[in-house]
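Trainee: Sharing a structure, written as structure tokens. Questions coming.
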Amino acid sequence: MTIYTNLSHAAKLPPKLSAQPVTEKLESAIIGVTANSHCRQLQEREPDEPNNSKRRSPCAGWRTGIAAGRLRHGAAVCPGQASTQPEPVTLTMSWWGDDARTETYQQAIQAFEAKLQYITVETIYGTTADEDQTADVMQVDWTWPGQNADQFVDLNEYSDVIDLEQFSQSALDACTVDGALLAVPMSVTGRIFYWNTCTFEQAGIDAPKTYEELLTAGNTFREVLGEEYYPLAMDAAARMNLMVSYLESTTGKAWVVDRQLQYSADEIKTGLEFLQALEENHVMPTLAAQQTNGTLDQTPMWQNGQYAGTFAWDADAETYRSALKNASGFLVGDEIAFGGQANGGFSKVYLALAINSSCQHPKEAAILVNFLLNEDMGASIMGTACGLPDSATGRAAATAAGLVNPLVVEANNRMMAFVDFPLDPTFESPALAAVPDGLYAAVLTACSNGELTTTQAAEQLAEGITAMLDRTVAE
């Protein structure tokens, strides 16, 4: 496996990679696919070595042997056996994420190469989604296929290789454009409430389950605990999600249908007044008061319990729990039904795998995708590195390997049982959703600070969102 890392994003190999021992799980996997009744030796690993001849602009690269026990190319052929290896195939694969995700991908690919030794996988990775987009197999944001449909292979053509029946139909539908399945969902996620019940106990109340209880909690926190304590805190992107959930609950309408915004500026104004009510009743601080240099879990206010709740992705349950100095009171809450017309809110495909239309070996690429997501060997290594697996067999393998956090499962199950609406891909376009520079953050911050009235803010949101939808249709 050859690894290329994009230095423009300061991506680094995990610290353990250069001297990582063969893990018991990966060693048994390699032995299982290389041994037979005549020949059961585990072959010597290749040491890491520089390989400046394999650079791919703009990435600097080096080649490693399998960090967790890669077999040498040209596995031993036992006496009397004829070689039946197919012609060698080289694939490229790209992804982004932290060191833990990178190490997980590498270990899974190493097991894949050990199983199918005629396939070599060269990998390109970095810390953001702005990485090489020419790889054969790509980790993609679920919105990419809809924006670049011609770039990806229709995976329906490889349903004999990728077991599509393992995935939820709603997730497959989200990755389908004009009947073509352009990516396979790795995981599905949505937002849900997390509460620190230790702080609520100090205030003498339970964590809220209704809108009325939420408003009451804000005033109780102020009276009992003081001005610095709030039942909720979240960034602008989460507030926009919460506002849409409120509007969908009270109107029964999806936010966007067929690339058309379903809400007038007057209706959006109602949603902004909802957010304003949360601030006025001390449920959450203004955005100006909450400005931080990192995510909410990294703030002392969350860690100390001054912010006693948030509205965050189900995949982040453990992140928020482990950040607390006293994690004993961490609770995955219920979704709140703000109105009687529908269960507002939405789920979305978190990450997906796609095959580039330029790939010269799409069948082998499909074999790799199926290995990572559906097969026990691959899925048991991947675990939840890319979210809670949507594949039924993949989730079972990850669970059996002890890699599925029960908190994440609880949060995902509660979210999926509640939400009624799909997420329009345009909702998370960077021009709209980026923090702090997107439209949502700019308008909601100005409204929260009193620089815009709710009427002005609603008009700006309606105009900006409609313009983005129109641009998407035109493209």
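Residues in the structure tokens are named by chain (A, B, ... in the order shown) and by number from 1 within that chain; ligands are numbered from 1 in the order shown.
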From range 102-209 of chain A, collect each residue whose DSSP state is helix (DSSP H, G or I) and return the set as number ranges by chain.

Mentor: A: 102-115, 144-147, 149-151, 155-158, 164-166, 169-174, 197-203

Trainee: Between A:Tyr229, A:Tyr125, A:Tyr211, A:Trp255, which is the closest to Leu275 in chain A once you count only C-alpha atoms?

Mentor: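 With only C-alpha atoms as the atom set, the closest residue is A:Tyr211.
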
Trainee: Return the single residue from A:Ala434, A:Ile119, A:Met138, A:Leu407 that is closest to Ser358 in chain A, with distances computed using only C-alpha atoms.

Mentor: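 Nearest to Ser358 in chain A: A:Met138.
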
Trainee: According to DSSP computed on the backbone, where in range 144-284 of chain A is there strand (DSSP E)? Give the residues as a ChimeraX atom specification.

Mentor: /A:176-177,180-181,184-196,256-257,260-261

Trainee: Distance CA of Gln460 in chain A-CA of Ala441 in chain A, one decimal place?

Mentor: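 Distance reported for this atom pair: 12.0 Å.
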
Trainee: May I ask which of the residues A:Thr393, A:Thr199, A:Asn156, A:Gln133 is the closest one to Gly179 in chain A, counting only C-alpha atoms?

Mentor: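 Nearest candidate to Gly179 in chain A out of A:Thr393, A:Thr199, A:Asn156, A:Gln133: A:Asn156.
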